[in-house]
file final39.pdb (PDB, C-alpha atoms)
ATOM      1  CA  MET N 515      11.862   9.317  15.941
ATOM      2  CA  PRO N 516      14.683   9.457  13.394
ATOM      3  CA  LYS N 517      17.720  11.441  14.495
ATOM      4  CA  ILE N 518      19.362  13.364  11.648
ATOM      5  CA  VAL N 519      23.178  13.269  11.536
ATOM      6  CA  TYR N 520      23.709  14.338   7.926
ATOM      7  CA  ASP N 521      27.009  16.058   7.148
ATOM      8  CA  GLY N 522      27.428  15.001   3.517
ATOM      9  CA  SER N 523      29.756  12.091   4.251
ATOM     10  CA  ASN N 524      29.209   8.549   3.022
ATOM     11  CA  ASP N 525      27.965   5.741   5.208
ATOM     12  CA  PRO N 526      30.766   3.230   5.945
ATOM     13  CA  ARG N 527      28.277   0.405   5.411
ATOM     14  CA  THR N 528      26.998  -0.575   1.976
ATOM     15  CA  PHE N 529      23.362  -1.252   1.225
ATOM     16  CA  LYS N 530      24.128  -4.749  -0.055
ATOM     17  CA  ASP N 531      25.865  -5.722   3.184
ATOM     18  CA  VAL N 532      22.938  -4.481   5.262
ATOM     19  CA  ILE N 533      20.413  -6.261   3.035
ATOM     20  CA  GLY N 534      22.272  -9.530   3.581
ATOM     21  CA  SER N 535      22.893  -9.149   7.309
ATOM     22  CA  THR N 536      19.309  -8.054   8.007
ATOM     23  CA  ILE N 537      17.819 -10.932   6.021
ATOM     24  CA  ILE N 538      20.005 -13.401   7.927
ATOM     25  CA  SER N 539      18.995 -11.834  11.247
ATOM     26  CA  LEU N 540      15.316 -12.115  10.326
ATOM     27  CA  LEU N 541      15.778 -15.755   9.309
ATOM     28  CA  ASP N 542      17.556 -16.539  12.575
ATOM     29  CA  ASN N 543      14.908 -14.892  14.733
ATOM     30  CA  ASP N 544      11.641 -15.710  12.976
ATOM     31  CA  PRO N 545      10.979 -19.273  11.763
ATOM     32  CA  ASP N 546       8.206 -17.999   9.482
ATOM     33  CA  VAL N 547      10.571 -15.875   7.371
ATOM     34  CA  ILE N 548      11.784 -17.533   4.166
ATOM     35  CA  TYR N 549      14.128 -15.821   1.718
ATOM     36  CA  VAL N 550      14.070 -16.447  -2.038
ATOM     37  CA  ASP N 551      16.595 -15.059  -4.490
ATOM     38  CA  ALA N 552      17.176 -15.093  -8.239
ATOM     39  CA  ASP N 553      20.830 -16.160  -8.306
ATOM     40  CA  LEU N 554      22.170 -13.040  -6.563
ATOM     41  CA  MET N 555      22.959 -14.430  -3.111
ATOM     42  CA  SER N 556      26.694 -13.963  -3.515
ATOM     43  CA  THR N 557      26.200 -10.228  -4.131
ATOM     44  CA  ILE N 558      24.563  -9.614  -0.740
ATOM     45  CA  GLY N 559      26.455 -12.147   1.378
ATOM     46  CA  THR N 560      23.717 -14.732   1.859
ATOM     47  CA  TYR N 561      25.153 -17.630  -0.156
ATOM     48  CA  LYS N 562      26.829 -19.300   2.853
ATOM     49  CA  TYR N 563      23.555 -19.164   4.758
ATOM     50  CA  HIS N 564      21.824 -20.762   1.763
ATOM     51  CA  GLN N 565      24.344 -23.608   1.786
ATOM     52  CA  GLU N 566      23.762 -24.205   5.492
ATOM     53  CA  HIS N 567      19.979 -23.685   5.451
ATOM     54  CA  PRO N 568      18.697 -24.503   1.942
ATOM     55  CA  ASP N 569      15.145 -24.823   3.274
ATOM     56  CA  ARG N 570      15.124 -21.207   4.540
ATOM     57  CA  ALA N 571      17.203 -19.465   1.853
ATOM     58  CA  ILE N 572      16.144 -20.650  -1.593
ATOM     59  CA  ASN N 573      17.887 -19.847  -4.867
ATOM     60  CA  VAL N 574      15.347 -20.151  -7.678
ATOM     61  CA  GLY N 575      17.920 -19.263 -10.343
ATOM     62  CA  VAL N 576      17.519 -16.638 -13.039
ATOM     63  CA  SER N 577      13.732 -16.950 -13.099
ATOM     64  CA  GLU N 578      12.400 -13.857 -11.405
ATOM     65  CA  ALA N 579       8.773 -14.227 -12.467
ATOM     66  CA  ASN N 580       8.714 -17.768 -11.132
ATOM     67  CA  MET N 581      10.320 -16.502  -7.901
ATOM     68  CA  MET N 582       7.356 -14.190  -7.294
ATOM     69  CA  GLY N 583       4.972 -17.096  -7.774
ATOM     70  CA  VAL N 584       7.014 -19.111  -5.278
ATOM     71  CA  ALA N 585       6.890 -16.191  -2.840
ATOM     72  CA  GLY N 586       3.123 -15.946  -3.247
ATOM     73  CA  GLY N 587       2.756 -19.664  -2.582
ATOM     74  CA  LEU N 588       4.927 -19.470   0.525
ATOM     75  CA  ALA N 589       2.790 -16.602   1.811
ATOM     76  CA  ALA N 590      -0.377 -18.610   1.149
ATOM     77  CA  ALA N 591       1.136 -21.389   3.282
ATOM     78  CA  GLY N 592       1.620 -18.991   6.199
ATOM     79  CA  PHE N 593       5.232 -17.923   5.701
ATOM     80  CA  LYS N 594       6.702 -14.414   5.405
ATOM     81  CA  PRO N 595       8.674 -14.491   2.143
ATOM     82  CA  ILE N 596      11.360 -11.985   1.182
ATOM     83  CA  ALA N 597      12.218 -11.956  -2.542
ATOM     84  CA  HIS N 598      15.364 -10.218  -3.804
ATOM     85  CA  THR N 599      16.638  -9.347  -7.288
ATOM     86  CA  PHE N 600      17.570  -6.378  -9.481
ATOM     87  CA  GLY N 601      14.964  -3.603  -9.583
ATOM     88  CA  PRO N 602      13.840  -4.117 -13.213
ATOM     89  CA  PHE N 603      13.409  -7.832 -12.699
ATOM     90  CA  ALA N 604      11.530  -7.265  -9.432
ATOM     91  CA  SER N 605       9.121  -4.986 -11.284
ATOM     92  CA  ARG N 606       8.624  -5.068 -15.044
ATOM     93  CA  ARG N 607       9.860  -8.631 -15.674
ATOM     94  CA  SER N 608       7.772 -10.228 -12.932
ATOM     95  CA  TYR N 609       4.914  -7.752 -12.718
ATOM     96  CA  ASP N 610       2.026 -10.057 -13.588
ATOM     97  CA  GLN N 611       3.147 -12.639 -11.036
ATOM     98  CA  VAL N 612       3.467 -10.017  -8.280
ATOM     99  CA  PHE N 613       0.102  -8.524  -9.211
ATOM    100  CA  LEU N 614      -1.781 -11.830  -9.293
ATOM    101  CA  SER N 615       0.081 -14.303  -7.058
ATOM    102  CA  ALA N 616       0.641 -11.758  -4.288
ATOM    103  CA  GLY N 617      -1.559  -8.679  -4.681
ATOM    104  CA  TYR N 618      -4.783 -10.069  -6.141
ATOM    105  CA  ALA N 619      -4.514 -13.269  -4.087
ATOM    106  CA  HIS N 620      -3.966 -11.298  -0.851
ATOM    107  CA  ASN N 621      -0.642 -12.968  -0.150
ATOM    108  CA  ASP N 622       1.806 -10.861   1.867
ATOM    109  CA  ILE N 623       5.265 -10.698   0.293
ATOM    110  CA  THR N 624       8.267  -8.387   0.666
ATOM    111  CA  VAL N 625      10.152  -7.596  -2.544
ATOM    112  CA  ILE N 626      13.601  -5.979  -2.558
ATOM    113  CA  GLY N 627      14.539  -4.412  -5.898
ATOM    114  CA  THR N 628      18.183  -3.362  -5.888
ATOM    115  CA  ASP N 629      20.038  -0.729  -7.911
ATOM    116  CA  PRO N 630      16.980   1.220  -9.077
ATOM    117  CA  GLY N 631      17.280   3.988 -11.641
ATOM    118  CA  VAL N 632      20.785   5.275 -12.316
ATOM    119  CA  CYS N 633      22.196   3.152  -9.475
ATOM    120  CA  ALA N 634      22.374   0.322 -12.034
ATOM    121  CA  ALA N 635      25.359   2.193 -13.548
ATOM    122  CA  PHE N 636      27.500  -0.111 -15.718
ATOM    123  CA  ASN N 637      24.771  -2.749 -15.976
ATOM    124  CA  GLY N 638      23.131  -0.306 -18.349
ATOM    125  CA  GLY N 639      19.649   0.373 -19.637
ATOM    126  CA  THR N 640      18.408  -3.213 -19.457
ATOM    127  CA  HIS N 641      19.001  -3.177 -15.694
ATOM    128  CA  MET N 642      17.934   0.440 -15.112
ATOM    129  CA  PRO N 643      14.324   0.725 -13.922
ATOM    130  CA  PHE N 644      12.950   4.227 -14.250
ATOM    131  CA  GLU N 645       9.402   2.841 -13.986
ATOM    132  CA  ASP N 646       9.396   0.420 -11.034
ATOM    133  CA  VAL N 647       7.604   2.777  -8.638
ATOM    134  CA  ALA N 648       4.967   3.542 -11.273
ATOM    135  CA  LEU N 649       4.284  -0.167 -11.715
ATOM    136  CA  TYR N 650       4.032  -0.926  -8.005
ATOM    137  CA  ARG N 651       1.863   2.145  -7.372
ATOM    138  CA  ALA N 652      -0.731   0.529  -9.635
ATOM    139  CA  ILE N 653      -1.006  -2.541  -7.375
ATOM    140  CA  PRO N 654      -3.897  -1.946  -4.953
ATOM    141  CA  THR N 655      -2.788  -1.600  -1.299
ATOM    142  CA  ALA N 656       0.915  -2.039  -2.148
ATOM    143  CA  THR N 657       3.447  -0.267   0.080
ATOM    144  CA  ILE N 658       6.490   1.297  -1.608
ATOM    145  CA  PHE N 659       9.716   2.439   0.032
ATOM    146  CA  ASP N 660      12.587   4.355  -1.583
ATOM    147  CA  VAL N 661      15.326   3.923   1.014
ATOM    148  CA  THR N 662      17.651   6.778   2.002
ATOM    149  CA  ASP N 663      20.480   5.127   3.949
ATOM    150  CA  THR N 664      21.448   1.855   5.646
ATOM    151  CA  VAL N 665      19.920   2.821   9.000
ATOM    152  CA  MET N 666      16.561   3.288   7.325
ATOM    153  CA  LEU N 667      17.016   0.131   5.255
ATOM    154  CA  GLU N 668      17.504  -2.101   8.278
ATOM    155  CA  ASP N 669      14.514  -0.686  10.143
ATOM    156  CA  ILE N 670      12.177  -0.706   7.142
ATOM    157  CA  LEU N 671      13.085  -4.270   6.149
ATOM    158  CA  ARG N 672      12.422  -5.491   9.692
ATOM    159  CA  GLN N 673       9.034  -3.772   9.651
ATOM    160  CA  ALA N 674       8.109  -4.812   6.117
ATOM    161  CA  VAL N 675       8.049  -8.569   6.742
ATOM    162  CA  ASN N 676       5.183  -8.060   9.194
ATOM    163  CA  LEU N 677       3.164  -5.600   7.104
ATOM    164  CA  PRO N 678       0.163  -6.783   5.064
ATOM    165  CA  GLY N 679       0.056  -6.856   1.282
ATOM    166  CA  VAL N 680       2.783  -6.362  -1.303
ATOM    167  CA  LYS N 681       5.782  -4.406  -0.004
ATOM    168  CA  TYR N 682       8.367  -3.097  -2.460
ATOM    169  CA  ILE N 683      11.712  -1.786  -1.199
ATOM    170  CA  ARG N 684      13.864  -0.049  -3.822
ATOM    171  CA  VAL N 685      17.447   0.442  -2.706
ATOM    172  CA  GLY N 686      20.968   0.675  -4.108
ATOM    173  CA  ARG N 687      23.807  -1.732  -3.418
ATOM    174  CA  LYS N 688      26.722   0.617  -2.881
ATOM    175  CA  SER N 689      27.146   3.050  -0.007
ATOM    176  CA  ALA N 690      25.299   6.358   0.109
ATOM    177  CA  ALA N 691      25.301   9.472   2.256
ATOM    178  CA  LYS N 692      24.543   8.809   5.915
ATOM    179  CA  VAL N 693      21.485  10.815   6.932
ATOM    180  CA  TYR N 694      20.180   9.116  10.075
ATOM    181  CA  ASP N 695      21.782   8.074  13.340
ATOM    182  CA  THR N 696      22.172   4.401  14.191
ATOM    183  CA  GLY N 697      19.078   3.080  15.923
ATOM    184  CA  SER N 698      16.669   5.546  14.311
ATOM    185  CA  ARG N 699      13.154   4.229  13.839
ATOM    186  CA  PHE N 700      10.784   5.186  11.047
ATOM    187  CA  GLN N 701       7.016   5.225  10.801
ATOM    188  CA  VAL N 702       5.630   3.771   7.603
ATOM    189  CA  GLY N 703       3.775   6.437   5.654
ATOM    190  CA  GLN N 704       5.231   9.330   7.645
ATOM    191  CA  ALA N 705       7.720  11.643   5.934
ATOM    192  CA  VAL N 706      10.747  12.954   7.818
ATOM    193  CA  LYS N 707      11.269  16.733   7.959
ATOM    194  CA  LEU N 708      14.968  17.262   7.266
ATOM    195  CA  ARG N 709      15.022  21.029   6.994
ATOM    196  CA  ASP N 710      12.537  23.807   7.699
ATOM    197  CA  GLY N 711      11.941  26.574   5.179
ATOM    198  CA  LYS N 712       9.286  28.969   3.911
ATOM    199  CA  ASP N 713      10.124  29.522   0.239
ATOM    200  CA  ILE N 714       9.994  26.138  -1.479
ATOM    201  CA  SER N 715       9.132  22.542  -0.609
ATOM    202  CA  ILE N 716      11.596  19.914  -1.832
ATOM    203  CA  ILE N 717      10.025  16.454  -1.635
ATOM    204  CA  SER N 718      12.739  13.848  -2.113
ATOM    205  CA  ALA N 719      13.359  10.129  -1.722
ATOM    206  CA  GLY N 720      16.205   7.632  -1.988
ATOM    207  CA  ILE N 721      19.525   8.896  -3.332
ATOM    208  CA  MET N 722      17.924  12.259  -4.089
ATOM    209  CA  VAL N 723      17.639  13.101  -0.390
ATOM    210  CA  HIS N 724      21.377  13.816  -0.295
ATOM    211  CA  GLU N 725      21.081  15.964  -3.429
ATOM    212  CA  ALA N 726      18.127  17.837  -1.919
ATOM    213  CA  LEU N 727      20.045  18.634   1.257
ATOM    214  CA  GLN N 728      23.053  19.812  -0.740
ATOM    215  CA  ALA N 729      20.773  21.987  -2.857
ATOM    216  CA  ALA N 730      19.122  23.450   0.236
ATOM    217  CA  GLU N 731      22.527  24.603   1.499
ATOM    218  CA  THR N 732      23.215  26.392  -1.786
ATOM    219  CA  LEU N 733      19.750  27.943  -1.898
ATOM    220  CA  ALA N 734      20.105  29.213   1.669
ATOM    221  CA  LYS N 735      23.165  31.195   0.625
ATOM    222  CA  GLU N 736      20.946  32.912  -1.945
ATOM    223  CA  GLY N 737      18.297  33.707   0.639
ATOM    224  CA  ILE N 738      15.935  30.910  -0.432
ATOM    225  CA  GLU N 739      14.858  28.727   2.493
ATOM    226  CA  ALA N 740      13.857  25.208   1.481
ATOM    227  CA  ASP N 741      11.490  22.943   3.372
ATOM    228  CA  VAL N 742      13.017  19.488   2.766
ATOM    229  CA  LEU N 743      11.043  16.283   3.290
ATOM    230  CA  ASP N 744      12.289  12.709   3.013
ATOM    231  CA  MET N 745       9.224  11.028   1.481
ATOM    232  CA  PHE N 746      10.691   7.539   1.827
ATOM    233  CA  THR N 747       7.231   5.947   1.751
ATOM    234  CA  ILE N 748       5.952   6.740  -1.716
ATOM    235  CA  LYS N 749       2.802   4.697  -1.205
ATOM    236  CA  PRO N 750       0.943   5.464   0.983
ATOM    237  CA  LEU N 751       2.123   9.048   0.501
ATOM    238  CA  ASP N 752       2.241  11.276   3.575
ATOM    239  CA  GLU N 753      -0.309  13.708   2.185
ATOM    240  CA  SER N 754      -0.634  15.685   5.408
ATOM    241  CA  ALA N 755       3.107  16.459   5.511
ATOM    242  CA  LEU N 756       3.084  17.387   1.826
ATOM    243  CA  LEU N 757       0.064  19.660   2.171
ATOM    244  CA  GLU N 758       1.375  21.330   5.313
ATOM    245  CA  SER N 759       4.616  22.146   3.526
ATOM    246  CA  ALA N 760       2.926  23.218   0.284
ATOM    247  CA  HIS N 761       0.505  25.475   2.135
ATOM    248  CA  LYS N 762       3.479  27.252   3.688
ATOM    249  CA  THR N 763       5.689  27.583   0.588
ATOM    250  CA  ARG N 764       3.252  27.529  -2.358
ATOM    251  CA  ALA N 765       5.965  25.983  -4.523
ATOM    252  CA  VAL N 766       6.763  22.262  -4.640
ATOM    253  CA  LEU N 767       9.658  20.414  -6.253
ATOM    254  CA  ALA N 768       9.788  16.602  -6.317
ATOM    255  CA  ALA N 769      13.223  14.983  -6.669
ATOM    256  CA  GLU N 770      13.462  11.280  -7.479
ATOM    257  CA  ASN N 771      15.705   8.671  -9.104
ATOM    258  CA  HIS N 772      12.852   7.569 -11.354
ATOM    259  CA  SER N 773      10.880   8.657 -14.373
ATOM    260  CA  LYS N 774       8.779  11.794 -14.047
ATOM    261  CA  ASN N 775       5.904   9.523 -15.067
ATOM    262  CA  GLY N 776       4.063   7.616 -12.368
ATOM    263  CA  GLY N 777       6.478   7.977  -9.456
ATOM    264  CA  LEU N 778       6.935  10.419  -6.585
ATOM    265  CA  TYR N 779       6.329  13.522  -8.727
ATOM    266  CA  ALA N 780       3.108  12.023 -10.039
ATOM    267  CA  ALA N 781       1.945  11.122  -6.530
ATOM    268  CA  VAL N 782       2.747  14.638  -5.308
ATOM    269  CA  CYS N 783       0.884  16.275  -8.202
ATOM    270  CA  GLU N 784      -2.136  13.997  -7.788
ATOM    271  CA  THR N 785      -2.434  15.085  -4.166
ATOM    272  CA  LEU N 786      -1.850  18.778  -4.841
ATOM    273  CA  SER N 787      -4.304  18.929  -7.741
ATOM    274  CA  ARG N 788      -7.000  17.399  -5.559
ATOM    275  CA  GLU N 789      -6.347  19.173  -2.259
ATOM    276  CA  LEU N 790      -4.254  22.322  -2.780
ATOM    277  CA  PRO N 791      -3.486  23.444  -6.345
ATOM    278  CA  THR N 792       0.131  24.579  -6.174
ATOM    279  CA  ARG N 793       2.882  25.362  -8.662
ATOM    280  CA  ALA N 794       5.051  22.221  -8.918
ATOM    281  CA  ASN N 795       7.942  20.836 -10.932
ATOM    282  CA  PHE N 796      10.274  17.853 -10.948
ATOM    283  CA  VAL N 797      13.884  16.772 -10.901
ATOM    284  CA  ALA N 798      13.527  13.295 -12.333
ATOM    285  CA  VAL N 799      14.298  11.283 -15.451
ATOM    286  CA  ASP N 800      12.483  12.643 -18.486
ATOM    287  CA  ASP N 801      10.763  10.362 -21.006
ATOM    288  CA  GLU N 802      13.923   8.335 -21.707
ATOM    289  CA  TYR N 803      15.568   4.918 -21.470
ATOM    290  CA  GLY N 804      18.661   4.176 -19.409
ATOM    291  CA  GLU N 805      22.234   3.868 -20.638
ATOM    292  CA  VAL N 806      25.647   2.640 -19.479
ATOM    293  CA  GLY N 807      28.015   4.640 -17.294
ATOM    294  CA  PRO N 808      29.197   5.346 -13.754
ATOM    295  CA  GLN N 809      26.488   6.591 -11.414
ATOM    296  CA  ASP N 810      27.886  10.117 -11.044
ATOM    297  CA  TYR N 811      27.962  10.498 -14.845
ATOM    298  CA  LEU N 812      24.403   9.173 -15.127
ATOM    299  CA  GLN N 813      23.139  11.556 -12.475
ATOM    300  CA  GLU N 814      24.580  14.422 -14.523
ATOM    301  CA  ARG N 815      23.261  12.908 -17.749
ATOM    302  CA  TYR N 816      19.694  12.681 -16.454
ATOM    303  CA  GLY N 817      19.802  15.819 -14.319
ATOM    304  CA  LEU N 818      19.559  14.097 -10.942
ATOM    305  CA  THR N 819      21.870  16.477  -9.103
ATOM    306  CA  ALA N 820      21.872  19.172  -6.451
ATOM    307  CA  ASP N 821      22.606  21.738  -9.173
ATOM    308  CA  ALA N 822      19.498  20.669 -11.079
ATOM    309  CA  ILE N 823      17.425  21.006  -7.919
ATOM    310  CA  VAL N 824      18.833  24.492  -7.297
ATOM    311  CA  ALA N 825      18.002  25.603 -10.843
ATOM    312  CA  ARG N 826      14.429  24.284 -10.738
ATOM    313  CA  ALA N 827      13.902  25.685  -7.242
ATOM    314  CA  ARG N 828      14.992  29.144  -8.366
ATOM    315  CA  GLU N 829      12.503  29.007 -11.244
ATOM    316  CA  LEU N 830       9.650  28.025  -8.960
ATOM    317  CA  VAL N 831      10.441  30.699  -6.392
ATOM    318  CA  ASN N 832      10.866  33.410  -9.028
ATOM    319  CA  ASN N 833       7.569  32.447 -10.674
ATOM    320  CA  LYS N 834       5.759  33.052  -7.384
ATOM    321  CA  LYS N 835       6.707  36.731  -7.465
TER     322      LYS N 835
END
call {"tool": "encode", "arguments": {"input": "final39.pdb", "output": "C-alpha cells"}}
result
Amino acid sequence: MPKIVYDGSNDPRTFKDVIGSTIISLLDNDPDVIYVDADLMSTIGTYKYHQEHPDRAINVGVSEANMMGVAGGLAAAGFKPIAHTFGPFASRRSYDQVFLSAGYAHNDITVIGTDPGVCAAFNGGTHMPFEDVALYRAIPTATIFDVTDTVMLEDILRQAVNLPGVKYIRVGRKSAAKVYDTGSRFQVGQAVKLRDGKDISIISAGIMVHEALQAAETLAKEGIEADVLDMFTIKPLDESALLESAHKTRAVLAAENHSKNGGLYAAVCETLSRELPTRANFVAVDDEYGEVGPQDYLQERYGLTADAIVARARELVNNKK
C-alpha cells in the first residue's frame, strides 16, 4: 500500500534521473529487457550504459516512428522493450507504428513519453502533447499511467515491463512534489485515496495531484471537504473508486495536464454517464495548442492550478444546493 508523506515540498530526485537509473537497473537484472531511445540518452543518464552495452541500449536516432517498429520487432522476438522519447513523439508522431507494430500485432512494449502537456515548457507547442492520453486510450487493451512522483515512477516502470500489451507512461523530467514514501507499491488500475471528503470528488493525475491537494486545503478552510483521488492509471480507469466517491459527493471535478478532450475528464464522464449520472466539470487544457514559457507560467496560462480547482469546485458544490 502506498504511504502518503505529502507536505507540499519538492522531491529531491528528478524524474529524468529516476527514469535513467531504473532502466539501467532493469537492464542489469533482466536479460530480456532491451532499451531503445530516440537520441535522448544523455538527458536521462543512460548514454554511458549505451556505450558499454550497445546491444542492450540502442540509440535509433531522431526517428521515433521507426523506434516503435523496432520495439515491436524486439517484442515479437521475445524481448521486453522500453522505448523513450518526448511525449508528442511517443504519441502523435509514432502513433500508427505503436498501434500496428505493437497493439494490433500483440507485441508487448513499454513506452515512456516525457514532459507531457505544459511540462514541455520552453520546448514550446511542437513538444507539448495535450492529446497523448486521448491517442493511447484509443488503442485496445493499452495501459496508461500519468505518474505523480519519483517513488511511483520507479515502481510503475518496474511493473510495466512485465505487463501485457502497450504500456504508456507519461511523466515529466524535472522534480515534482513528493507525495509517497520511499518503497511505496502501487496496484495497476487502483486509484489512491489521498484525502477523504463528502462535498466534492477531485479526480487528479500527474502534476495535478499536487494542485488538487493544495486546493483541498483551501477548500477545507471554507468548509468544503474534498475527496481527493490519485487516478494515476487512466486506462484501465478505477471505476469502482470513482463511483464510490461520486455516490458520496454527487459532484466530480477532474484535474489533468492534458486536453479536456479524450483524457482523464473524458474517461470520468464516460463512466459517470453510464453508471451514475453526476454533475461534473474539468480543470484541463481547453481546445487549444501549446506555447512557449516556463511551466509555472503555462500552468497559469492554461488554468492548471490549485486556484482554478478551488474556483471550479466552489461552482460544483454551490450548484448542488
call {"tool": "closest_atom_pairs", "arguments": {"input": "final39.pdb", "of": "region 643-712 of chain N", "to": "region 785-804 of chain N", "cutoff": "12 Å", "atoms": "only C-alpha atoms", "output": "Markdown table"}}
result
| residue | atom | partner | partner_atom | distance |
| --- | --- | --- | --- | --- |
| N:Pro643 | CA | N:Gly804 | CA | 7.8 |
| N:Phe644 | CA | N:Val799 | CA | 7.3 |
| N:Glu645 | CA | N:Val799 | CA | 9.9 |
call {"tool": "resolve_selection", "arguments": {"input": "final39.pdb", "expression": "the PyMOL selection byres ((chain N and resi 759) around 10)", "output": "ChimeraX atom specification"}}
result
/N:707,710-717,740-743,753-758,760-766
call {"tool": "residues_around", "arguments": {"input": "final39.pdb", "residues": "Lys530 (chain N)", "least_positions_apart": "4", "cutoff": "10 Å", "atoms": "all atoms listed in the file", "output": "PyMOL selection string"}}
result
chain N and resi 534-536+557-559+628-629+664+685-689
call {"tool": "write_last_selection", "arguments": {"input": "final39.pdb", "atoms": "C-alpha atoms", "output": "mmCIF file, in the coordinates of the input"}}
result
data_model
loop_
_atom_site.group_PDB
_atom_site.id
_atom_site.type_symbol
_atom_site.label_atom_id
_atom_site.label_comp_id
_atom_site.auth_asym_id
_atom_site.auth_seq_id
_atom_site.Cartn_x
_atom_site.Cartn_y
_atom_site.Cartn_z
ATOM 1 C CA GLY N 534 22.272 -9.530 3.581
ATOM 2 C CA SER N 535 22.893 -9.149 7.309
ATOM 3 C CA THR N 536 19.309 -8.054 8.007
ATOM 4 C CA THR N 557 26.200 -10.228 -4.131
ATOM 5 C CA ILE N 558 24.563 -9.614 -0.740
ATOM 6 C CA GLY N 559 26.455 -12.147 1.378
ATOM 7 C CA THR N 628 18.183 -3.362 -5.888
ATOM 8 C CA ASP N 629 20.038 -0.729 -7.911
ATOM 9 C CA THR N 664 21.448 1.855 5.646
ATOM 10 C CA VAL N 685 17.447 0.442 -2.706
ATOM 11 C CA GLY N 686 20.968 0.675 -4.108
ATOM 12 C CA ARG N 687 23.807 -1.732 -3.418
ATOM 13 C CA LYS N 688 26.722 0.617 -2.881
ATOM 14 C CA SER N 689 27.146 3.050 -0.007
#
call {"tool": "resolve_selection", "arguments": {"input": "final39.pdb", "expression": "the PyMOL selection byres ((chain N and resi 523) around 10)", "output": "PyMOL selection string"}}
result
chain N and resi 519-522+524-526+690-693+724
call {"tool": "atom_distance", "arguments": {"input": "final39.pdb", "atom1": "CA of Asp531 (chain N)", "atom2": "CA of Gly592 (chain N)"}}
result
27.8 Å
call {"tool": "residues_around", "arguments": {"input": "final39.pdb", "residues": "Val702 (chain N)", "least_positions_apart": "5", "cutoff": "12 Å", "atoms": "all atoms listed in the file", "output": "list of chain:residue names"}}
result
N:Met515, N:Thr657, N:Ile658, N:Phe659, N:Asp660, N:Val661, N:Met666, N:Asp669, N:Ile670, N:Leu671, N:Arg672, N:Gln673, N:Ala674, N:Asn676, N:Leu677, N:Lys681, N:Met745, N:Phe746, N:Thr747, N:Ile748, N:Lys749, N:Pro750, N:Leu751, N:Asp752
call {"tool": "write_last_selection", "arguments": {"input": "final39.pdb", "atoms": "C-alpha atoms", "output": "PDB file, in the coordinates of the input"}}
result
ATOM      1  CA  MET N 515      11.862   9.317  15.941  1.00  0.00           C
ATOM      2  CA  THR N 657       3.447  -0.267   0.080  1.00  0.00           C
ATOM      3  CA  ILE N 658       6.490   1.297  -1.608  1.00  0.00           C
ATOM      4  CA  PHE N 659       9.716   2.439   0.032  1.00  0.00           C
ATOM      5  CA  ASP N 660      12.587   4.355  -1.583  1.00  0.00           C
ATOM      6  CA  VAL N 661      15.326   3.923   1.014  1.00  0.00           C
ATOM      7  CA  MET N 666      16.561   3.288   7.325  1.00  0.00           C
ATOM      8  CA  ASP N 669      14.514  -0.686  10.143  1.00  0.00           C
ATOM      9  CA  ILE N 670      12.177  -0.706   7.142  1.00  0.00           C
ATOM     10  CA  LEU N 671      13.085  -4.270   6.149  1.00  0.00           C
ATOM     11  CA  ARG N 672      12.422  -5.491   9.692  1.00  0.00           C
ATOM     12  CA  GLN N 673       9.034  -3.772   9.651  1.00  0.00           C
ATOM     13  CA  ALA N 674       8.109  -4.812   6.117  1.00  0.00           C
ATOM     14  CA  ASN N 676       5.183  -8.060   9.194  1.00  0.00           C
ATOM     15  CA  LEU N 677       3.164  -5.600   7.104  1.00  0.00           C
ATOM     16  CA  LYS N 681       5.782  -4.406  -0.004  1.00  0.00           C
ATOM     17  CA  MET N 745       9.224  11.028   1.481  1.00  0.00           C
ATOM     18  CA  PHE N 746      10.691   7.539   1.827  1.00  0.00           C
ATOM     19  CA  THR N 747       7.231   5.947   1.751  1.00  0.00           C
ATOM     20  CA  ILE N 748       5.952   6.740  -1.716  1.00  0.00           C
ATOM     21  CA  LYS N 749       2.802   4.697  -1.205  1.00  0.00           C
ATOM     22  CA  PRO N 750       0.943   5.464   0.983  1.00  0.00           C
ATOM     23  CA  LEU N 751       2.123   9.048   0.501  1.00  0.00           C
ATOM     24  CA  ASP N 752       2.241  11.276   3.575  1.00  0.00           C
TER      25      ASP N 752
END
call {"tool": "closest_atom_pairs", "arguments": {"input": "final39.pdb", "of": "region 618-701 of chain N", "to": "region 573-585 of chain N", "cutoff": "9 Å", "atoms": "all atoms listed in the file", "output": "CSV"}}
result
residue,atom,partner,partner_atom,distance
N:Asn621,CA,N:Ala585,CA,8.6
N:Asp622,CA,N:Ala585,CA,8.7
N:Ile623,CA,N:Ala585,CA,6.5
N:Thr624,CA,N:Ala585,CA,8.7
N:Val625,CA,N:Met582,CA,8.6
call {"tool": "atom_distance", "arguments": {"input": "final39.pdb", "atom1": "CA of Glu739 (chain N)", "atom2": "CA of Ala726 (chain N)"}}
result
12.2 Å
call {"tool": "axis_aligned_box", "arguments": {"input": "final39.pdb", "around": "region 676-692 of chain N", "padding_each_side": "6 Å", "output": "AutoDock Vina command-line options"}}
result
--center_x 13.6 --center_y 0.7 --center_z 2.5 --size_x 39.1 --size_y 29.5 --size_z 25.3
call {"tool": "atom_distance", "arguments": {"input": "final39.pdb", "atom1": "CA of Gly737 (chain N)", "atom2": "CA of Cys783 (chain N)"}}
result
26.2 Å
call {"tool": "resolve_selection", "arguments": {"input": "final39.pdb", "expression": "the PyMOL selection byres ((chain N and resi 807) around 12)", "output": "list in words"}}
result
Val632, Cys633, Ala634, Ala635, Phe636, Asn637, Gly638, Gly639, Met642, Gly804, Glu805, Val806, Pro808, Gln809, Asp810, Tyr811, Leu812, Gln813, Glu814, Arg815 and Tyr816 of chain N
call {"tool": "residues_around", "arguments": {"input": "final39.pdb", "residues": "region 820-833 of chain N", "least_positions_apart": "4", "cutoff": "6 Å", "atoms": "only C-alpha atoms", "output": "MDAnalysis selection string"}}
result
chainID N and resid 725 728:729
call {"tool": "decode", "arguments": {"input": "final39.pdb", "residues": "region 786-796 of chain N", "atoms": "C-alpha atoms", "output": "mmCIF file, in the first residue's frame"}}
result
data_model
loop_
_atom_site.group_PDB
_atom_site.id
_atom_site.type_symbol
_atom_site.label_atom_id
_atom_site.label_comp_id
_atom_site.auth_asym_id
_atom_site.auth_seq_id
_atom_site.Cartn_x
_atom_site.Cartn_y
_atom_site.Cartn_z
ATOM 1 C CA LEU N 786 -20.437 8.552 -14.787
ATOM 2 C CA SER N 787 -22.840 8.900 -17.712
ATOM 3 C CA ARG N 788 -23.140 5.127 -17.934
ATOM 4 C CA GLU N 789 -23.224 4.195 -14.248
ATOM 5 C CA LEU N 790 -24.110 7.212 -12.084
ATOM 6 C CA PRO N 791 -25.138 10.460 -13.802
ATOM 7 C CA THR N 792 -23.427 13.150 -11.742
ATOM 8 C CA ARG N 793 -22.634 16.834 -12.155
ATOM 9 C CA ALA N 794 -19.014 17.042 -13.376
ATOM 10 C CA ASN N 795 -16.508 19.586 -14.632
ATOM 11 C CA PHE N 796 -12.835 19.813 -15.528
#
